[in-house]
Each structure stands twice: as structure tokens, then as C-alpha cells.
file model_23.cif (mmCIF, C-alpha atoms and all ligand atoms)
data_data
loop_
_atom_site.label_atom_id
_atom_site.label_comp_id
_atom_site.auth_asym_id
_atom_site.auth_seq_id
_atom_site.Cartn_x
_atom_site.Cartn_y
_atom_site.Cartn_z
CA MET A 1 95.18 56.77 111.29
CA LEU A 2 95.30 60.49 112.04
CA LEU A 3 95.55 63.10 109.31
CA VAL A 4 96.73 66.48 110.54
CA LYS A 5 97.30 69.82 108.85
CA PHE A 6 99.62 72.39 110.38
CA GLY A 7 98.29 75.73 109.17
CA GLY A 8 100.75 78.07 107.49
CA SER A 9 99.47 80.86 109.72
CA VAL A 10 100.73 78.92 112.75
CA LEU A 11 104.07 77.80 111.28
CA THR A 12 105.00 81.21 109.87
CA ASP A 13 104.45 84.92 110.26
CA LYS A 14 102.08 85.28 107.33
CA ASP A 15 102.86 88.96 106.80
CA ARG A 16 106.64 88.62 106.53
CA LEU A 17 108.14 86.86 103.55
CA ARG A 18 109.76 83.50 104.42
CA THR A 19 109.52 84.02 108.19
CA PRO A 20 109.13 80.79 110.19
CA ARG A 21 107.92 80.57 113.77
CA PRO A 22 110.43 78.03 115.15
CA ALA A 23 108.75 77.70 118.57
CA ALA A 24 105.36 76.94 116.99
CA ILE A 25 106.97 74.42 114.61
CA ARG A 26 108.68 72.68 117.54
CA ARG A 27 105.48 72.64 119.61
CA LEU A 28 103.36 71.16 116.80
CA ALA A 29 106.07 68.59 116.05
CA ALA A 30 106.13 67.51 119.70
CA GLU A 31 102.34 67.22 119.74
CA ALA A 32 102.43 65.16 116.53
CA ALA A 33 105.10 62.88 117.98
CA ALA A 34 102.84 62.17 120.96
CA VAL A 35 100.17 60.69 118.67
CA ARG A 36 99.88 56.92 118.87
CA GLY A 37 99.34 55.10 115.61
CA PRO A 38 99.98 56.06 112.00
CA LEU A 39 100.05 59.74 111.17
CA LEU A 40 100.02 61.71 107.93
CA VAL A 41 101.14 65.34 108.14
CA VAL A 42 100.16 68.11 105.73
CA HIS A 43 101.30 71.69 106.18
CA GLY A 44 100.42 75.02 104.69
CA ALA A 45 102.83 77.39 102.97
CA GLY A 46 102.33 80.53 105.05
CA SER A 47 104.69 83.33 104.11
CA PHE A 48 106.91 80.86 102.24
CA GLY A 49 104.21 80.52 99.60
CA HIS A 50 101.29 82.91 99.72
CA ILE A 51 103.05 86.25 99.42
CA LEU A 52 104.93 85.51 96.18
CA ALA A 53 102.15 83.29 94.79
CA ALA A 54 99.71 86.21 95.10
CA ARG A 55 102.19 88.81 93.85
CA HIS A 56 102.90 86.78 90.70
CA ARG A 57 99.33 85.43 90.34
CA LEU A 58 100.65 81.88 90.11
CA ASN A 59 97.14 80.42 90.34
CA GLU A 60 96.36 81.84 86.91
CA GLY A 61 99.02 79.56 85.45
CA GLY A 62 101.13 80.37 82.40
CA THR A 63 104.76 79.61 81.78
CA ALA A 64 106.10 82.97 80.61
CA PRO A 65 109.65 83.47 81.93
CA ALA A 66 108.72 85.82 84.82
CA ARG A 67 105.97 83.54 86.06
CA ARG A 68 108.14 80.46 85.61
CA ALA A 69 110.86 82.07 87.69
CA ALA A 70 108.35 82.99 90.41
CA ALA A 71 106.93 79.44 90.39
CA ALA A 72 110.42 77.99 90.80
CA ARG A 73 111.14 80.44 93.63
CA VAL A 74 107.93 79.51 95.47
CA GLN A 75 108.59 75.79 94.93
CA ALA A 76 112.01 76.21 96.49
CA ASP A 77 110.61 78.32 99.36
CA VAL A 78 107.87 75.85 100.36
CA ARG A 79 110.50 73.10 100.37
CA GLU A 80 112.56 75.23 102.72
CA LEU A 81 109.63 75.46 105.14
CA ASP A 82 109.02 71.73 104.68
CA ARG A 83 112.64 71.06 105.62
CA LEU A 84 112.09 72.92 108.91
CA VAL A 85 108.91 70.95 109.62
CA VAL A 86 110.48 67.58 108.74
CA GLU A 87 113.54 68.37 110.83
CA ALA A 88 111.38 69.30 113.84
CA LEU A 89 109.30 66.12 113.46
CA ASN A 90 112.46 64.00 113.32
CA ARG A 91 113.94 65.74 116.36
CA ALA A 92 110.67 65.05 118.19
CA GLY A 93 111.14 61.33 117.53
CA LEU A 94 109.22 60.61 114.33
CA SER A 95 110.73 59.36 111.06
CA ALA A 96 109.33 61.95 108.70
CA VAL A 97 109.64 61.74 104.91
CA PRO A 98 108.68 64.61 102.61
CA ILE A 99 106.40 63.81 99.66
CA PRO A 100 105.98 66.98 97.57
CA PRO A 101 102.62 67.33 95.78
CA ALA A 102 104.42 68.44 92.59
CA ALA A 103 105.83 64.90 92.30
CA VAL A 104 102.57 63.00 92.83
CA LEU A 105 99.67 65.20 91.73
CA VAL A 106 98.56 66.96 88.54
CA LEU A 107 95.69 69.43 88.35
CA ASP A 108 93.40 70.26 85.45
CA ASP A 109 92.14 73.83 85.65
CA GLY A 110 92.57 73.74 89.42
CA ASN A 111 90.84 70.38 89.92
CA VAL A 112 92.67 67.14 90.63
CA SER A 113 93.46 65.31 87.41
CA THR A 114 95.73 62.53 88.72
CA VAL A 115 97.15 61.74 92.13
CA ASP A 116 99.37 58.87 93.19
CA VAL A 117 99.22 58.10 96.91
CA THR A 118 101.40 54.96 96.73
CA GLY A 119 104.33 56.69 98.43
CA PHE A 120 102.16 57.75 101.36
CA LEU A 121 100.82 54.22 101.72
CA GLU A 122 104.13 52.42 101.47
CA PHE A 123 106.13 54.77 103.70
CA SER A 124 103.32 54.78 106.25
CA SER A 125 103.13 50.99 106.31
CA MET A 126 106.87 50.90 107.17
CA GLY A 127 106.32 53.21 110.14
CA PHE A 128 107.46 56.45 108.52
CA THR A 129 105.45 59.67 108.80
CA PRO A 130 104.79 61.07 105.30
CA VAL A 131 104.77 64.86 105.18
CA THR A 132 103.27 66.88 102.35
CA PHE A 133 102.40 70.54 101.90
CA GLY A 134 100.91 73.30 99.76
CA ASP A 135 102.94 73.46 96.54
CA VAL A 136 103.17 74.72 92.96
CA VAL A 137 102.16 71.83 90.70
CA ARG A 138 101.55 71.05 87.02
CA ASP A 139 98.15 71.94 85.65
CA ARG A 140 97.08 70.42 82.31
CA ARG A 141 95.21 73.51 81.22
CA ARG A 142 97.01 76.31 83.05
CA GLY A 143 100.57 75.02 82.87
CA ILE A 144 101.13 75.50 86.57
CA SER A 145 98.79 76.01 89.49
CA ILE A 146 98.68 76.08 93.27
CA CYS A 147 97.82 72.90 95.15
CA SER A 148 96.85 73.92 98.68
CA GLY A 149 97.50 71.84 101.76
CA ASP A 150 93.72 71.65 102.16
CA LEU A 151 93.44 69.94 98.79
CA MET A 152 96.08 67.42 99.90
CA MET A 153 94.06 66.86 103.11
CA LEU A 154 91.02 66.08 101.00
CA GLU A 155 92.88 63.70 98.68
CA LEU A 156 94.55 61.89 101.58
CA ALA A 157 91.25 61.69 103.49
CA ARG A 158 89.61 60.17 100.39
CA ALA A 159 92.41 57.65 99.96
CA PHE A 160 93.04 56.66 103.59
CA ARG A 161 89.76 57.32 105.40
CA PRO A 162 91.54 58.41 108.62
CA ASP A 163 89.74 58.22 111.98
CA ARG A 164 90.19 61.97 112.30
CA ALA A 165 91.33 64.91 110.20
CA VAL A 166 92.69 67.69 112.42
CA PHE A 167 93.36 71.25 111.26
CA ALA A 168 95.75 73.21 113.50
CA ALA A 169 95.00 76.86 112.72
CA ASP A 170 95.63 80.23 114.32
CA VAL A 171 91.98 80.46 115.42
CA ASP A 172 90.35 78.33 118.12
CA GLY A 173 87.85 76.55 115.88
CA LEU A 174 85.00 77.37 113.54
CA PHE A 175 83.32 80.74 114.06
CA THR A 176 80.18 82.39 112.73
CA ALA A 177 82.47 85.03 111.14
CA ASP A 178 86.19 85.72 110.86
CA PRO A 179 87.15 86.30 114.54
CA LYS A 180 90.16 88.37 113.51
CA ARG A 181 87.96 90.87 111.73
CA ARG A 182 84.66 90.75 113.63
CA LYS A 183 84.26 91.07 117.36
CA SER A 184 80.78 89.58 117.14
CA ALA A 185 82.17 86.28 115.78
CA ARG A 186 80.92 83.38 117.88
CA LEU A 187 82.70 80.05 118.32
CA LEU A 188 80.64 77.12 117.06
CA GLU A 189 80.92 74.43 119.73
CA THR A 190 79.55 71.76 117.44
CA VAL A 191 79.31 71.83 113.68
CA GLY A 192 76.84 69.76 111.71
CA PRO A 193 76.15 69.31 108.01
CA LYS A 194 73.78 72.32 108.06
CA ASP A 195 76.55 74.65 109.29
CA PHE A 196 78.73 73.53 106.39
CA ARG A 197 75.87 73.96 103.93
CA ASP A 198 75.33 77.51 105.26
CA ALA A 199 79.02 78.30 105.05
CA LEU A 200 79.34 76.95 101.52
CA SER A 201 76.24 78.81 100.35
CA GLY A 202 77.73 82.04 101.73
CA ARG A 203 75.00 82.55 104.32
CA ARG A 204 77.44 82.15 107.13
CA VAL A 205 81.14 82.83 106.95
CA VAL A 206 83.45 80.86 109.19
CA GLY A 207 86.85 81.92 110.47
CA THR A 208 88.73 79.23 108.71
CA ARG A 209 88.54 77.83 105.22
CA ILE A 210 86.01 75.13 104.51
CA VAL A 211 86.83 72.19 102.29
CA ARG A 212 84.15 69.92 100.95
CA GLY A 213 84.13 66.51 102.62
CA PRO A 214 85.04 63.37 100.67
O1 LIG A 301 99.00 77.28 102.62
C1 LIG A 301 99.31 77.15 99.51
O2 LIG A 301 98.96 76.13 100.40
P1 LIG A 301 98.14 76.47 101.73
C2 LIG A 301 100.49 76.74 98.64
O3 LIG A 301 97.76 75.16 102.33
C3 LIG A 301 101.21 77.86 97.99
O4 LIG A 301 96.91 77.24 101.29
C4 LIG A 301 102.36 77.48 97.17
C5 LIG A 301 100.89 79.12 98.08
#

call {"tool": "encode", "arguments": {"input": "model_23.cif", "output": "C-alpha cells", "more": "lines below"}}
Ligand code: IP8
result
Amino acid sequence: MLLVKFGGSVLTDKDRLRTPRPAAIRRLAAEAAAVRGPLLVVHGAGSFGHILAARHRLNEGGTAPARRAAAARVQADVRELDRLVVEALNRAGLSAVPIPPAAVLVLDDGNVSTVDVTGFLEFSSMGFTPVTFGDVVRDRRRGISICSGDLMMLELARAFRPDRAVFAADVDGLFTADPKRRKSARLLETVGPKDFRDALSGRRVVGTRIVRGP
């Protein structure tokens, strides 16, 4: 099994609210359709999620009317991006089915409280390609919270132990610093446990987000 995340920075123009990049979506969908064997797809929210989530501080939770309205807006927006991704995957020849995190996962102060991966398992075993994404979800302590696509990658990796987990980002790999900000950033050809330990301890910053392994 292959687990792949399409980064929101690739699928969308991250600086412009709700702006997809149709050619990039089509290209990634075609590449995904060329994969042999079962595939799980996760995608980021890009400008369909991050701009309003940051503006309304959705990660802090709360259910006051203004925040509730913003949460509902972002939920609708990320589903709009998901529709574009699912449509592109289907056009490329896959049978993609969306599984929104809000329906299967609950957080507790930002950490996973419960997750039900049955839908991923059962659709996948019938030959479908489950597709999930960064979403606004319930949070037992905060009311609502953000579940990132990276967190879904981690949960799916834990549950399915895929042969590979691939992150398609707008940078060419892991760097010693953010290559968009620092010219001196160097591409790391190979990355071992020590590089991750350094990155997590803040001694070395890499150009893409790091998630802790299962
Ligand atoms: O793009 C963020 O998911 P990500 C989800 O994978 C929202 O970090 C709703 C901002």
C-alpha cells in the first residue's frame, strides 16, 4: 500500500483565498493513477483552509457564533477543494471516495482522542481509493480544532503500515533550512533518525514540516 499526501501548497495558491491550481491537481491525480496497488490519498487545505483558519484562530477552539461561522465556512471550503481533487482522481481512472476527518476523528486538546479507520479499510479492500484531507474537527476540550493532513497521514500510517508514505510538497525534499527563505539551505540527500532528532530539537530546521513517526 502507498500512502500519499498532496501538499496544499502544490494544489493551491497559498496566498490567494480559495485559489486552486488545476494543472497541478491534474498532474498529481495522473501520477497517483499510475500507482500500482492500493493507494490512500491525503491532501492539505492550502488557501481553502489556512487563510481563514488563521484569521479566525480556529485552532484555539471555542464555539462563539463568529468562530462557529468561520469553522463552518472553512469546513465547506476544504470540501470544495476535496471535490476538485476527487474529481481529478476519478477522471484519471481511479475510483476515489472522500472520507472527511470530521466524520471519523475527534481530537482532545489537539491530540487524537478517537479515530475510526473502518471506512478507509473497507473502501480500500473493494478497490476504491479513499481520499481524506486537512479539516475542522470536534475537539473534546476546545470544541473545535484543526486536524491537519499530516495528522491524518500519521493515523493512516499507524493503522495501515504502508510500504511508503510520500509527501508531495512545493520543495524538492528535506533541506537544512527553509529553501524559500534561505539561500544557504542545502538539500539532504538522505535523512536518518539523527536528522529528525535534530529537526525536532530545533537544532536544524527543515524546509517542510516534520511529523513524528508512528
Ligand atoms: O493543510 C490544514 O491541513 P494541512 C487544515 O494539511 C485546515 O495543514 C482546515 C486549515

call {"tool": "closest_residue", "arguments": {"input": "model_23.cif", "among": "A:Asp195, A:Asp116, A:Glu122, A:Asp163", "to": "Gly37 (chain A)", "atoms": "all atoms listed in the file"}}
result
A:Asp163

call {"tool": "residues_around", "arguments": {"input": "model_23.cif", "residues": "region 83-97 of chain A", "least_positions_apart": "3", "cutoff": "8 Å", "atoms": "only C-alpha atoms", "output": "list of chain:residue names"}}
result
A:Ile25, A:Arg26, A:Ala29, A:Ala30, A:Ala32, A:Ala33, A:Arg79, A:Glu80, A:Phe123, A:Gly127, A:Phe128, A:Thr129, A:Pro130, A:Val131

call {"tool": "atom_distance", "arguments": {"input": "model_23.cif", "atom1": "CA of Leu81 (chain A)", "atom2": "CA of Phe48 (chain A)"}}
result
6.7 Å

call {"tool": "closest_residue", "arguments": {"input": "model_23.cif", "among": "A:Asp13, A:Asp172, A:Asp109, A:Asp77", "to": "ligand LIG 301 (chain A)", "atoms": "only C-alpha atoms and all ligand atoms"}}
result
A:Asp77

call {"tool": "closest_residue", "arguments": {"input": "model_23.cif", "among": "A:Leu188, A:Val41, A:Ala168, A:Val78", "to": "Gly7 (chain A)", "atoms": "only C-alpha atoms"}}
result
A:Ala168

call {"tool": "residues_near_ligand", "arguments": {"input": "model_23.cif", "ligand": "ligand LIG 301 (chain A)", "cutoff": "10 Å", "atoms": "only C-alpha atoms and all ligand atoms", "output": "PyMOL selection string"}}
result
chain A and resi 5-9+14+42-54+58-59+71+73-79+132-137+145-153+209

call {"tool": "residues_around", "arguments": {"input": "model_23.cif", "residues": "Leu154 (chain A)", "least_positions_apart": "3", "cutoff": "12 Å", "atoms": "only C-alpha atoms", "output": "list of chain:residue names"}}
result
A:Leu3, A:Val4, A:Lys5, A:Val42, A:Asn111, A:Val112, A:Val115, A:Cys147, A:Ser148, A:Gly149, A:Asp150, A:Leu151, A:Ala157, A:Arg158, A:Ala159, A:Phe160, A:Arg161, A:Pro162, A:Ala165, A:Val166, A:Phe167, A:Ile210, A:Val211, A:Arg212, A:Gly213, A:Pro214

call {"tool": "write_last_selection", "arguments": {"input": "model_23.cif", "atoms": "C-alpha atoms", "output": "CSV table (one decimal), keeping the file's coordinate frame"}}
result
chain,number,residue,atom,x,y,z
A,3,LEU,CA,95.6,63.1,109.3
A,4,VAL,CA,96.7,66.5,110.5
A,5,LYS,CA,97.3,69.8,108.8
A,42,VAL,CA,100.2,68.1,105.7
A,111,ASN,CA,90.8,70.4,89.9
A,112,VAL,CA,92.7,67.1,90.6
A,115,VAL,CA,97.2,61.7,92.1
A,147,CYS,CA,97.8,72.9,95.2
A,148,SER,CA,96.8,73.9,98.7
A,149,GLY,CA,97.5,71.8,101.8
A,150,ASP,CA,93.7,71.6,102.2
A,151,LEU,CA,93.4,69.9,98.8
A,157,ALA,CA,91.2,61.7,103.5
A,158,ARG,CA,89.6,60.2,100.4
A,159,ALA,CA,92.4,57.6,100.0
A,160,PHE,CA,93.0,56.7,103.6
A,161,ARG,CA,89.8,57.3,105.4
A,162,PRO,CA,91.5,58.4,108.6
A,165,ALA,CA,91.3,64.9,110.2
A,166,VAL,CA,92.7,67.7,112.4
A,167,PHE,CA,93.4,71.2,111.3
A,210,ILE,CA,86.0,75.1,104.5
A,211,VAL,CA,86.8,72.2,102.3
A,212,ARG,CA,84.2,69.9,101.0
A,213,GLY,CA,84.1,66.5,102.6
A,214,PRO,CA,85.0,63.4,100.7

call {"tool": "closest_residue", "arguments": {"input": "model_23.cif", "among": "A:Leu121, A:Ala66, A:Ala169, A:Val106", "to": "Ala24 (chain A)", "atoms": "all atoms listed in the file"}}
result
A:Ala169

call {"tool": "atom_distance", "arguments": {"input": "model_23.cif", "atom1": "CA of Arg57 (chain A)", "atom2": "CA of Leu107 (chain A)"}}
result
16.5 Å

call {"tool": "atom_distance", "arguments": {"input": "model_23.cif", "atom1": "CA of Arg36 (chain A)", "atom2": "CA of Met126 (chain A)"}}
result
14.9 Å

call {"tool": "residues_around", "arguments": {"input": "model_23.cif", "residues": "Thr63 (chain A)", "least_positions_apart": "6", "cutoff": "10 Å", "atoms": "all atoms listed in the file", "output": "VMD selection string"}}
result
chain A and resid 69 to 71 142 to 144

call {"tool": "axis_aligned_box", "arguments": {"input": "model_23.cif", "around": "region 167-182 of chain A", "padding_each_side": "8 Å", "output": "JSON"}}
result
{"center_x": 88.0, "center_y": 81.1, "center_z": 114.5, "size_x": 31.6, "size_y": 35.6, "size_z": 23.3}

call {"tool": "closest_residue", "arguments": {"input": "model_23.cif", "among": "A:Val191, A:Val171, A:Ala177, A:Leu40", "to": "Val117 (chain A)", "atoms": "all atoms listed in the file"}}
result
A:Leu40

call {"tool": "decode", "arguments": {"input": "model_23.cif", "residues": "region 144-175 of chain A", "atoms": "N, CA, C and O atoms", "output": "JSON list (two decimals), in the first residue's frame"}}
result
[["chain", "number", "residue", "atom", "x", "y", "z"],
["A", 144, "ILE", "N", -13.88, 22.91, 18.89],
["A", 144, "ILE", "CA", -13.43, 22.56, 17.54],
["A", 144, "ILE", "C", -11.91, 22.72, 17.48],
["A", 144, "ILE", "O", -11.32, 23.37, 18.33],
["A", 145, "SER", "N", -11.32, 22.12, 16.47],
["A", 145, "SER", "CA", -9.88, 22.26, 16.29],
["A", 145, "SER", "C", -9.54, 21.91, 14.84],
["A", 145, "SER", "O", -10.39, 21.41, 14.10],
["A", 146, "ILE", "N", -8.30, 22.16, 14.49],
["A", 146, "ILE", "CA", -7.85, 21.81, 13.14],
["A", 146, "ILE", "C", -7.18, 20.44, 13.17],
["A", 146, "ILE", "O", -6.31, 20.19, 14.00],
["A", 147, "CYS", "N", -7.60, 19.58, 12.26],
["A", 147, "CYS", "CA", -6.88, 18.31, 12.05],
["A", 147, "CYS", "C", -6.13, 18.47, 10.73],
["A", 147, "CYS", "O", -6.76, 18.62, 9.68],
["A", 148, "SER", "N", -4.81, 18.47, 10.78],
["A", 148, "SER", "CA", -4.04, 18.67, 9.54],
["A", 148, "SER", "C", -3.99, 17.38, 8.73],
["A", 148, "SER", "O", -4.20, 16.27, 9.26],
["A", 149, "GLY", "N", -3.68, 17.54, 7.46],
["A", 149, "GLY", "CA", -3.47, 16.36, 6.62],
["A", 149, "GLY", "C", -2.30, 15.53, 7.14],
["A", 149, "GLY", "O", -2.32, 14.30, 7.03],
["A", 150, "ASP", "N", -1.30, 16.18, 7.72],
["A", 150, "ASP", "CA", -0.16, 15.44, 8.27],
["A", 150, "ASP", "C", -0.60, 14.52, 9.40],
["A", 150, "ASP", "O", -0.11, 13.39, 9.53],
["A", 151, "LEU", "N", -1.53, 15.01, 10.22],
["A", 151, "LEU", "CA", -2.03, 14.16, 11.31],
["A", 151, "LEU", "C", -2.77, 12.96, 10.73],
["A", 151, "LEU", "O", -2.63, 11.82, 11.22],
["A", 152, "MET", "N", -3.53, 13.16, 9.67],
["A", 152, "MET", "CA", -4.21, 12.03, 9.02],
["A", 152, "MET", "C", -3.19, 11.05, 8.45],
["A", 152, "MET", "O", -3.38, 9.83, 8.51],
["A", 153, "MET", "N", -2.09, 11.59, 7.88],
["A", 153, "MET", "CA", -1.02, 10.71, 7.37],
["A", 153, "MET", "C", -0.51, 9.81, 8.49],
["A", 153, "MET", "O", -0.33, 8.59, 8.32],
["A", 154, "LEU", "N", -0.28, 10.42, 9.64],
["A", 154, "LEU", "CA", 0.26, 9.68, 10.78],
["A", 154, "LEU", "C", -0.73, 8.59, 11.23],
["A", 154, "LEU", "O", -0.35, 7.44, 11.44],
["A", 155, "GLU", "N", -2.00, 8.97, 11.36],
["A", 155, "GLU", "CA", -3.00, 8.00, 11.81],
["A", 155, "GLU", "C", -3.15, 6.86, 10.80],
["A", 155, "GLU", "O", -3.26, 5.69, 11.18],
["A", 156, "LEU", "N", -3.15, 7.20, 9.51],
["A", 156, "LEU", "CA", -3.30, 6.15, 8.49],
["A", 156, "LEU", "C", -2.05, 5.28, 8.42],
["A", 156, "LEU", "O", -2.14, 4.06, 8.22],
["A", 157, "ALA", "N", -0.88, 5.90, 8.61],
["A", 157, "ALA", "CA", 0.37, 5.11, 8.62],
["A", 157, "ALA", "C", 0.36, 4.13, 9.79],
["A", 157, "ALA", "O", 0.76, 2.98, 9.66],
["A", 158, "ARG", "N", -0.11, 4.61, 10.94],
["A", 158, "ARG", "CA", -0.19, 3.74, 12.13],
["A", 158, "ARG", "C", -1.13, 2.56, 11.87],
["A", 158, "ARG", "O", -0.84, 1.43, 12.22],
["A", 159, "ALA", "N", -2.27, 2.88, 11.24],
["A", 159, "ALA", "CA", -3.30, 1.84, 11.07],
["A", 159, "ALA", "C", -2.94, 0.87, 9.95],
["A", 159, "ALA", "O", -3.20, -0.33, 10.07],
["A", 160, "PHE", "N", -2.35, 1.37, 8.86],
["A", 160, "PHE", "CA", -2.18, 0.51, 7.67],
["A", 160, "PHE", "C", -0.75, 0.09, 7.38],
["A", 160, "PHE", "O", -0.53, -0.75, 6.52],
["A", 161, "ARG", "N", 0.21, 0.69, 8.07],
["A", 161, "ARG", "CA", 1.62, 0.33, 7.85],
["A", 161, "ARG", "C", 1.94, 0.24, 6.35],
["A", 161, "ARG", "O", 2.29, -0.84, 5.84],
["A", 162, "PRO", "N", 1.78, 1.35, 5.61],
["A", 162, "PRO", "CA", 2.03, 1.30, 4.16],
["A", 162, "PRO", "C", 3.51, 1.04, 3.85],
["A", 162, "PRO", "O", 4.36, 1.29, 4.72],
["A", 163, "ASP", "N", 3.79, 0.57, 2.64],
["A", 163, "ASP", "CA", 5.19, 0.35, 2.26],
["A", 163, "ASP", "C", 5.92, 1.69, 2.22],
["A", 163, "ASP", "O", 7.09, 1.79, 2.56],
["A", 164, "ARG", "N", 5.21, 2.72, 1.75],
["A", 164, "ARG", "CA", 5.81, 4.05, 1.68],
["A", 164, "ARG", "C", 4.80, 5.12, 2.02],
["A", 164, "ARG", "O", 3.61, 4.97, 1.70],
["A", 165, "ALA", "N", 5.27, 6.20, 2.62],
["A", 165, "ALA", "CA", 4.44, 7.39, 2.81],
["A", 165, "ALA", "C", 5.13, 8.52, 2.06],
["A", 165, "ALA", "O", 6.29, 8.84, 2.32],
["A", 166, "VAL", "N", 4.45, 9.05, 1.05],
["A", 166, "VAL", "CA", 5.06, 10.06, 0.17],
["A", 166, "VAL", "C", 4.40, 11.41, 0.41],
["A", 166, "VAL", "O", 3.17, 11.51, 0.46],
["A", 167, "PHE", "N", 5.22, 12.44, 0.56],
["A", 167, "PHE", "CA", 4.70, 13.80, 0.73],
["A", 167, "PHE", "C", 5.05, 14.61, -0.51],
["A", 167, "PHE", "O", 6.22, 14.83, -0.80],
["A", 168, "ALA", "N", 4.04, 15.00, -1.28],
["A", 168, "ALA", "CA", 4.29, 15.85, -2.45],
["A", 168, "ALA", "C", 4.16, 17.31, -2.01],
["A", 168, "ALA", "O", 3.09, 17.77, -1.65],
["A", 169, "ALA", "N", 5.31, 18.00, -1.98],
["A", 169, "ALA", "CA", 5.32, 19.37, -1.47],
["A", 169, "ALA", "C", 5.83, 20.32, -2.55],
["A", 169, "ALA", "O", 6.21, 19.88, -3.64],
["A", 170, "ASP", "N", 5.86, 21.60, -2.22],
["A", 170, "ASP", "CA", 6.36, 22.57, -3.21],
["A", 170, "ASP", "C", 7.86, 22.83, -3.03],
["A", 170, "ASP", "O", 8.38, 23.81, -3.53],
["A", 171, "VAL", "N", 8.54, 21.96, -2.29],
["A", 171, "VAL", "CA", 10.00, 21.99, -2.23],
["A", 171, "VAL", "C", 10.50, 20.59, -2.60],
["A", 171, "VAL", "O", 9.77, 19.62, -2.48],
["A", 172, "ASP", "N", 11.77, 20.52, -3.04],
["A", 172, "ASP", "CA", 12.27, 19.27, -3.62],
["A", 172, "ASP", "C", 12.72, 18.22, -2.61],
["A", 172, "ASP", "O", 13.41, 17.28, -2.97],
["A", 173, "GLY", "N", 12.40, 18.38, -1.37],
["A", 173, "GLY", "CA", 12.80, 17.38, -0.38],
["A", 173, "GLY", "C", 13.04, 18.05, 0.95],
["A", 173, "GLY", "O", 12.49, 19.12, 1.22],
["A", 174, "LEU", "N", 13.86, 17.40, 1.78],
["A", 174, "LEU", "CA", 14.16, 17.97, 3.10],
["A", 174, "LEU", "C", 15.44, 18.79, 3.00],
["A", 174, "LEU", "O", 16.43, 18.35, 2.41],
["A", 175, "PHE", "N", 15.42, 19.98, 3.56],
["A", 175, "PHE", "CA", 16.56, 20.89, 3.49],
["A", 175, "PHE", "C", 17.07, 21.20, 4.90],
["A", 175, "PHE", "O", 16.35, 20.99, 5.89]]
